[in-house]
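Below: data16.txt (compact mmCIF, C-alpha atoms)
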# COMPACT_ATOMS: atom_id res chain seq x y z
CA MET A 14 -47.50 -18.09 28.76
CA SER A 15 -46.97 -20.80 26.17
CA THR A 16 -49.58 -22.18 23.80
CA PRO A 17 -49.77 -25.48 21.90
CA ASP A 18 -48.65 -23.56 18.80
CA ASP A 19 -45.30 -22.97 20.48
CA PHE A 20 -44.76 -26.73 20.30
CA ALA A 21 -46.43 -27.43 16.94
CA ASP A 22 -43.25 -28.79 15.34
CA VAL A 23 -42.63 -31.42 18.00
CA LEU A 24 -46.30 -32.31 18.34
CA GLU A 25 -46.42 -32.91 14.59
CA ALA A 26 -43.32 -35.07 14.79
CA ASN A 27 -44.85 -36.98 17.69
CA ALA A 28 -48.01 -37.68 15.71
CA ALA A 29 -45.90 -39.26 12.95
CA TYR A 30 -43.90 -41.23 15.54
CA ALA A 31 -47.05 -42.50 17.24
CA LYS A 32 -48.38 -43.90 13.95
CA SER A 33 -45.56 -46.43 13.85
CA PHE A 34 -44.98 -46.77 17.61
CA VAL A 35 -43.33 -50.12 18.35
CA PHE A 36 -42.34 -49.85 22.02
CA ASN A 37 -45.69 -50.71 23.60
CA GLY A 38 -45.15 -53.43 26.15
CA LEU A 39 -41.58 -52.61 27.17
CA GLU A 40 -41.07 -53.33 30.83
CA ALA A 41 -40.16 -50.47 33.16
CA ARG A 42 -37.04 -52.28 34.36
CA ALA A 43 -33.66 -51.77 32.70
CA ALA A 44 -33.31 -54.86 30.50
CA LYS A 45 -29.49 -54.69 30.55
CA GLY A 46 -29.30 -53.71 34.23
CA LEU A 47 -27.64 -50.43 33.27
CA GLY A 48 -28.09 -46.87 34.42
CA VAL A 49 -26.35 -43.99 32.67
CA LEU A 50 -25.85 -40.51 34.09
CA THR A 51 -24.73 -38.14 31.38
CA CYS A 52 -24.95 -34.50 30.41
CA MET A 53 -28.05 -32.83 29.00
CA ASP A 54 -25.98 -31.70 26.00
CA SER A 55 -28.07 -32.43 22.90
CA ARG A 56 -24.99 -33.62 21.01
CA LEU A 57 -24.98 -36.79 23.11
CA ASP A 58 -27.06 -39.81 22.08
CA PRO A 59 -26.60 -42.16 25.04
CA LEU A 60 -28.44 -45.16 23.63
CA ASN A 61 -26.60 -45.18 20.32
CA MET A 62 -23.18 -44.36 21.77
CA LEU A 63 -23.47 -47.46 23.99
CA GLY A 64 -25.14 -49.77 21.46
CA LEU A 65 -28.39 -49.84 23.41
CA ALA A 66 -32.07 -49.83 22.50
CA PRO A 67 -35.07 -48.32 24.28
CA GLY A 68 -35.77 -50.34 27.42
CA ASP A 69 -32.15 -51.43 27.92
CA ALA A 70 -31.07 -48.74 30.39
CA LYS A 71 -32.23 -45.94 32.62
CA ILE A 72 -30.88 -42.64 31.33
CA LEU A 73 -30.42 -39.68 33.70
CA ARG A 74 -29.28 -36.32 32.39
CA ASN A 75 -28.31 -33.01 33.91
CA ALA A 76 -25.90 -30.16 33.25
CA GLY A 77 -22.40 -31.60 33.48
CA ALA A 78 -23.43 -35.20 34.34
CA ARG A 79 -23.00 -34.43 38.05
CA VAL A 80 -24.08 -36.67 40.92
CA THR A 81 -26.55 -34.55 42.86
CA GLU A 82 -28.95 -35.46 45.66
CA ASP A 83 -31.68 -35.90 43.05
CA VAL A 84 -29.48 -38.26 41.02
CA LEU A 85 -28.75 -40.32 44.14
CA ARG A 86 -32.48 -40.51 44.96
CA THR A 87 -33.25 -41.59 41.42
CA VAL A 88 -30.47 -44.20 41.34
CA VAL A 89 -31.74 -45.72 44.60
CA LEU A 90 -35.14 -46.21 42.95
CA ALA A 91 -33.55 -47.54 39.76
CA HIS A 92 -31.33 -49.94 41.70
CA TYR A 93 -33.96 -51.47 43.93
CA LEU A 94 -37.09 -51.21 41.79
CA LEU A 95 -35.95 -51.12 38.15
CA SER A 96 -33.14 -53.72 37.97
CA VAL A 97 -30.21 -51.31 37.66
CA ASP A 98 -27.09 -53.01 38.99
CA ARG A 99 -24.49 -50.97 37.03
CA LEU A 100 -24.18 -47.20 36.72
CA MET A 101 -22.04 -45.28 34.24
CA VAL A 102 -21.21 -41.65 35.02
CA VAL A 103 -20.41 -40.18 31.59
CA GLY A 104 -18.99 -36.70 31.17
CA HIS A 105 -18.02 -35.36 27.75
CA THR A 106 -15.44 -33.17 26.08
CA SER A 107 -16.37 -29.57 25.23
CA CYS A 108 -18.82 -29.41 28.13
CA ARG A 109 -19.83 -25.89 29.19
CA MET A 110 -19.82 -27.00 32.83
CA ALA A 111 -16.11 -27.88 32.46
CA SER A 112 -14.96 -24.80 30.60
CA GLY A 113 -14.39 -22.24 33.31
CA PRO A 114 -15.30 -21.06 36.77
CA GLU A 115 -18.84 -21.01 38.07
CA SER A 116 -18.77 -17.21 38.11
CA ALA A 117 -18.45 -17.28 34.30
CA VAL A 118 -21.69 -19.27 34.02
CA HIS A 119 -23.50 -16.81 36.30
CA ASP A 120 -22.11 -13.91 34.24
CA ALA A 121 -23.15 -15.57 30.94
CA ILE A 122 -26.71 -16.07 32.20
CA ARG A 123 -26.92 -12.44 33.31
CA GLU A 124 -25.46 -11.25 29.97
CA ALA A 125 -28.09 -13.34 28.16
CA GLY A 126 -30.78 -11.34 29.95
CA GLY A 127 -31.31 -13.81 32.77
CA PRO A 128 -31.61 -13.15 36.50
CA ASP A 129 -28.89 -13.13 39.12
CA THR A 130 -28.27 -16.85 39.65
CA ARG A 131 -25.53 -16.67 42.26
CA SER A 132 -27.77 -18.47 44.75
CA LEU A 133 -27.58 -21.57 42.49
CA SER A 134 -24.65 -23.95 42.30
CA PHE A 135 -24.00 -25.20 38.76
CA LEU A 136 -21.23 -27.59 39.87
CA THR A 137 -18.73 -26.44 37.26
CA THR A 138 -15.24 -27.92 37.22
CA ASP A 139 -11.83 -27.16 35.82
CA ASP A 140 -10.76 -30.81 36.11
CA GLN A 141 -13.41 -32.94 34.52
CA LYS A 142 -11.74 -36.31 35.10
CA ALA A 143 -11.27 -35.51 38.79
CA SER A 144 -14.94 -34.47 39.06
CA ILE A 145 -16.05 -37.69 37.40
CA ALA A 146 -13.91 -39.68 39.85
CA GLU A 147 -15.31 -37.73 42.82
CA ASP A 148 -18.88 -38.29 41.63
CA VAL A 149 -18.24 -42.01 41.13
CA GLN A 150 -16.85 -42.20 44.67
CA ARG A 151 -19.89 -40.35 45.96
CA VAL A 152 -22.16 -43.03 44.50
CA ARG A 153 -19.91 -45.88 45.65
CA SER A 154 -19.92 -44.59 49.22
CA TYR A 155 -23.63 -43.76 49.34
CA PRO A 156 -25.11 -46.02 52.05
CA TYR A 157 -28.28 -46.84 50.10
CA LEU A 158 -26.41 -48.11 47.04
CA ALA A 159 -24.34 -51.01 48.35
CA GLY A 160 -23.74 -53.57 45.63
CA LEU A 161 -24.14 -51.16 42.73
CA GLN A 162 -21.23 -51.31 40.25
CA VAL A 163 -20.20 -47.75 39.29
CA GLY A 164 -17.74 -46.54 36.66
CA GLY A 165 -16.73 -43.14 35.36
CA PHE A 166 -16.15 -42.32 31.69
CA LEU A 167 -15.36 -39.38 29.43
CA TYR A 168 -17.03 -39.29 26.00
CA ASN A 169 -15.17 -37.51 23.23
CA LEU A 170 -17.65 -35.49 21.16
CA HIS A 171 -15.18 -35.26 18.28
CA THR A 172 -14.36 -38.97 17.93
CA GLY A 173 -17.25 -40.82 19.57
CA VAL A 174 -14.80 -42.70 21.80
CA LEU A 175 -15.70 -43.45 25.42
CA GLU A 176 -12.64 -43.35 27.70
CA PRO A 177 -12.71 -45.10 31.08
CA VAL A 178 -11.75 -42.69 33.88
CA CYS A 179 -12.30 -44.85 36.95
Go through the file and emit its structure as structure tokens.
Amino acid sequence: MSTPDDFADVLEANAAYAKSFVFNGLEARAAKGLGVLTCMDSRLDPLNMLGLAPGDAKILRNAGARVTEDVLRTVVLAHYLLSVDRLMVVGHTSCRMASGPESAVHDAIREAGGPDTRSLSFLTTDDQKASIAEDVQRVRSYPYLAGLQVGGFLYNLHTGVLEPVC
């Protein structure tokens, strides 16, 4: 069971942040009409890498930047209720979800002391650009997202360059 002390460092940082909080009053809609699906990798800073500020875009993150049922559900809400009319699917270089077979991820979790996760699909890939293209097509063909502009990109963690894929 966790306690507030387990989070003391981030709560302290939040207290300092709150003292100079300047984002009160931002609208819930995406000011630039943009949605971004990217990886949960903490080396990615989606707002800065795209020249955006808080309130400009809706940011969705998961392992591998994969289009899942939950992502589709969320994008439908963002499209119709939060002014998102463009979606970027952004994978990145050196992604763990694109570095080997799914069995290797299951093995790594077990070796780290975790449970048997073979009942979960982590959506790993050995061809990241092809997976990005497939995920973009999945969004483009989703019946509830007609009219949404969708593009796929690969972000290079070593150079900061965003490469269009499709």
Contacts of range 100-136 of chain A with range 88-91 of chain A up to 12 Å, shortest pair per row, all atoms listed in the file, as a tab-separated table:
residue	atom	partner	partner_atom	distance
A:Leu100	CA	A:Val88	CA	8.4
A:Met101	CA	A:Val88	CA	11.1
A:Val102	CA	A:Val88	CA	11.5
Self-check item: Spatial neighbours of Val163 in chain A, 9 Å, all atoms listed in the file, chain gap at least 5 places, as a PyMOL selection string
Solution: chain A and resi 98-102+149-150+152-153+179
Quick one: what's the axis-aligned box for range 39-45 of chain A, all listed atoms, 4 Å on every side, centre and edges in Å to one decimal, as AutoDock Vina command-line options?
--center_x -35.5 --center_y -52.7 --center_z 30.8 --size_x 20.1 --size_y 12.4 --size_z 15.2
Quiz item: Using only C-alpha atoms, which of A:Glu115, A:Leu85, A:Asp120, A:Leu95 sits nearest Ser154 in chain A?
Solution: A:Leu85
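Each of A:Ser15, A:Ala21, A:Ala66, A:Ser55 was compared to Phe36 in chain A using only C-alpha atoms, and A:Ala66 turns out to be the nearest.
For Leu57 in chain A, the list of residues within 10 Å, based on all atoms listed in the file and with local chain neighbours fewer than 2 positions off taken out, reads A:Thr51, A:Cys52, A:Met53, A:Asp54, A:Ser55, A:Pro59, A:Leu60, A:Asn61, A:Met62, A:His105, A:Tyr168, A:Asn169, A:Leu170, A:Gly173.
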Quiz prompt | Best match for closeness to Gly113 in chain A among A:Leu136, A:Ala78, A:Leu63, A:Ala26, counting only C-alpha atoms | solution = A:Leu136
With only C-alpha atoms as the counted atoms, please give the residues lying no more than 12 Å from Leu65 in chain A, apart from itself and same-chain residues fewer than 5 positions off, as a compact mmCIF listing (two decimals) with C-alpha atoms, keeping the file's coordinate frame.
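Below is the file selection-v1.txt, written as the result:
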# COMPACT_ATOMS: atom_id res chain seq x y z
CA ALA A 43 -33.66 -51.77 32.70
CA ALA A 44 -33.31 -54.86 30.50
CA LYS A 45 -29.49 -54.69 30.55
CA GLY A 46 -29.30 -53.71 34.23
CA LEU A 47 -27.64 -50.43 33.27
CA GLY A 48 -28.09 -46.87 34.42
CA VAL A 49 -26.35 -43.99 32.67
CA ASP A 58 -27.06 -39.81 22.08
CA PRO A 59 -26.60 -42.16 25.04
CA LEU A 60 -28.44 -45.16 23.63
CA ALA A 70 -31.07 -48.74 30.39
CA LYS A 71 -32.23 -45.94 32.62
CA ILE A 72 -30.88 -42.64 31.33
Quiz item: Closest to Ser96 in chain A among A:Asp148, A:Asp18, A:Asp140, A:Asp69, using all atoms listed in the file?
Solution: A:Asp69
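One distance worth recording is that between CA of Val174 in chain A and CA of Thr106 in chain A, which is 10.5 Å.
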At a cut-off of 12 Å, using only C-alpha atoms, what residues contact Thr138 in chain A? Leave out same-chain residues fewer than 5 positions from it and give the result as a CSV table (one decimal) with C-alpha atoms, keeping the file's coordinate frame.
chain,number,residue,atom,x,y,z
A,76,ALA,CA,-25.9,-30.2,33.2
A,77,GLY,CA,-22.4,-31.6,33.5
A,78,ALA,CA,-23.4,-35.2,34.3
A,79,ARG,CA,-23.0,-34.4,38.0
A,104,GLY,CA,-19.0,-36.7,31.2
A,108,CYS,CA,-18.8,-29.4,28.1
A,109,ARG,CA,-19.8,-25.9,29.2
A,110,MET,CA,-19.8,-27.0,32.8
A,111,ALA,CA,-16.1,-27.9,32.5
A,112,SER,CA,-15.0,-24.8,30.6
A,113,GLY,CA,-14.4,-22.2,33.3
A,114,PRO,CA,-15.3,-21.1,36.8
A,115,GLU,CA,-18.8,-21.0,38.1
A,116,SER,CA,-18.8,-17.2,38.1
A,117,ALA,CA,-18.4,-17.3,34.3
A,118,VAL,CA,-21.7,-19.3,34.0
A,143,ALA,CA,-11.3,-35.5,38.8
A,144,SER,CA,-14.9,-34.5,39.1
A,145,ILE,CA,-16.0,-37.7,37.4
A,147,GLU,CA,-15.3,-37.7,42.8
A,148,ASP,CA,-18.9,-38.3,41.6
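If you look at CA of Asn75 in chain A and CA of Arg42 in chain A, they are 21.2 Å away from each other.
Taking CA of Ala121 in chain A and CA of Ser107 in chain A as endpoints, the distance between them is 16.6 Å.
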Quiz item: Which residues, protein or nucleic acid, reach to within 6 Å of (-29.7, -39.4, 35.0) in the file's coordinates when using only C-alpha atoms, and can you give that as an NGL selection string?
Solution: :A and (50 or 72-74)
What would the file be for range 73-99 of chain A if you keep N, CA and C atoms and write it as a CSV table (one decimal), in the first residue's frame?
chain,number,residue,atom,x,y,z
A,73,LEU,N,-2.1,11.9,-26.2
A,73,LEU,CA,-2.5,10.5,-25.8
A,73,LEU,C,-1.2,9.7,-25.8
A,74,ARG,N,-0.9,8.9,-24.8
A,74,ARG,CA,0.3,8.2,-24.7
A,74,ARG,C,0.0,6.8,-24.3
A,75,ASN,N,0.7,5.8,-24.9
A,75,ASN,CA,0.7,4.5,-24.4
A,75,ASN,C,2.0,3.8,-24.9
A,76,ALA,N,2.3,2.6,-24.5
A,76,ALA,CA,3.5,1.9,-24.8
A,76,ALA,C,3.5,1.6,-26.3
A,77,GLY,N,4.4,2.2,-27.0
A,77,GLY,CA,4.6,2.0,-28.4
A,77,GLY,C,3.8,2.9,-29.3
A,78,ALA,N,3.0,3.8,-28.8
A,78,ALA,CA,2.2,4.7,-29.6
A,78,ALA,C,1.2,4.0,-30.5
A,79,ARG,N,0.6,2.9,-30.0
A,79,ARG,CA,-0.3,2.1,-30.8
A,79,ARG,C,-1.7,2.5,-30.7
A,80,VAL,N,-2.4,2.4,-31.8
A,80,VAL,CA,-3.8,2.7,-31.9
A,80,VAL,C,-4.6,1.5,-31.4
A,81,THR,N,-5.1,1.6,-30.2
A,81,THR,CA,-5.9,0.6,-29.5
A,81,THR,C,-7.4,1.0,-29.5
A,82,GLU,N,-8.2,0.1,-29.1
A,82,GLU,CA,-9.7,0.5,-28.9
A,82,GLU,C,-9.8,1.7,-28.0
A,83,ASP,N,-9.1,1.7,-27.0
A,83,ASP,CA,-9.2,2.9,-26.1
A,83,ASP,C,-8.7,4.2,-26.7
A,84,VAL,N,-7.7,4.1,-27.6
A,84,VAL,CA,-7.2,5.3,-28.3
A,84,VAL,C,-8.3,5.7,-29.3
A,85,LEU,N,-8.9,4.8,-30.0
A,85,LEU,CA,-10.0,5.1,-30.9
A,85,LEU,C,-11.2,5.8,-30.2
A,86,ARG,N,-11.6,5.3,-29.0
A,86,ARG,CA,-12.7,5.8,-28.2
A,86,ARG,C,-12.3,7.3,-27.8
A,87,THR,N,-11.1,7.5,-27.4
A,87,THR,CA,-10.6,8.8,-26.9
A,87,THR,C,-10.6,9.8,-28.1
A,88,VAL,N,-10.1,9.3,-29.2
A,88,VAL,CA,-10.0,10.2,-30.4
A,88,VAL,C,-11.4,10.6,-30.9
A,89,VAL,N,-12.4,9.7,-30.8
A,89,VAL,CA,-13.8,10.1,-31.2
A,89,VAL,C,-14.2,11.2,-30.3
A,90,LEU,N,-14.0,11.1,-29.0
A,90,LEU,CA,-14.4,12.2,-28.1
A,90,LEU,C,-13.6,13.5,-28.4
A,91,ALA,N,-12.3,13.4,-28.6
A,91,ALA,CA,-11.5,14.5,-28.9
A,91,ALA,C,-12.0,15.2,-30.3
A,92,HIS,N,-12.3,14.4,-31.2
A,92,HIS,CA,-12.7,14.9,-32.5
A,92,HIS,C,-14.1,15.7,-32.5
A,93,TYR,N,-15.0,15.1,-31.8
A,93,TYR,CA,-16.4,15.7,-31.9
A,93,TYR,C,-16.6,16.7,-30.7
A,94,LEU,N,-15.9,16.5,-29.6
A,94,LEU,CA,-16.2,17.4,-28.5
A,94,LEU,C,-15.1,18.3,-28.1
A,95,LEU,N,-13.9,18.1,-28.6
A,95,LEU,CA,-12.7,18.9,-28.2
A,95,LEU,C,-11.9,19.5,-29.3
A,96,SER,N,-12.6,19.7,-30.5
A,96,SER,CA,-12.0,20.4,-31.6
A,96,SER,C,-10.8,19.8,-32.3
A,97,VAL,N,-10.6,18.5,-32.1
A,97,VAL,CA,-9.4,17.8,-32.8
A,97,VAL,C,-9.9,17.5,-34.2
A,98,ASP,N,-9.2,18.1,-35.2
A,98,ASP,CA,-9.5,17.7,-36.6
A,98,ASP,C,-8.2,17.1,-37.3
A,99,ARG,N,-7.1,17.0,-36.5
A,99,ARG,CA,-5.9,16.4,-37.1
A,99,ARG,C,-5.3,15.5,-36.0
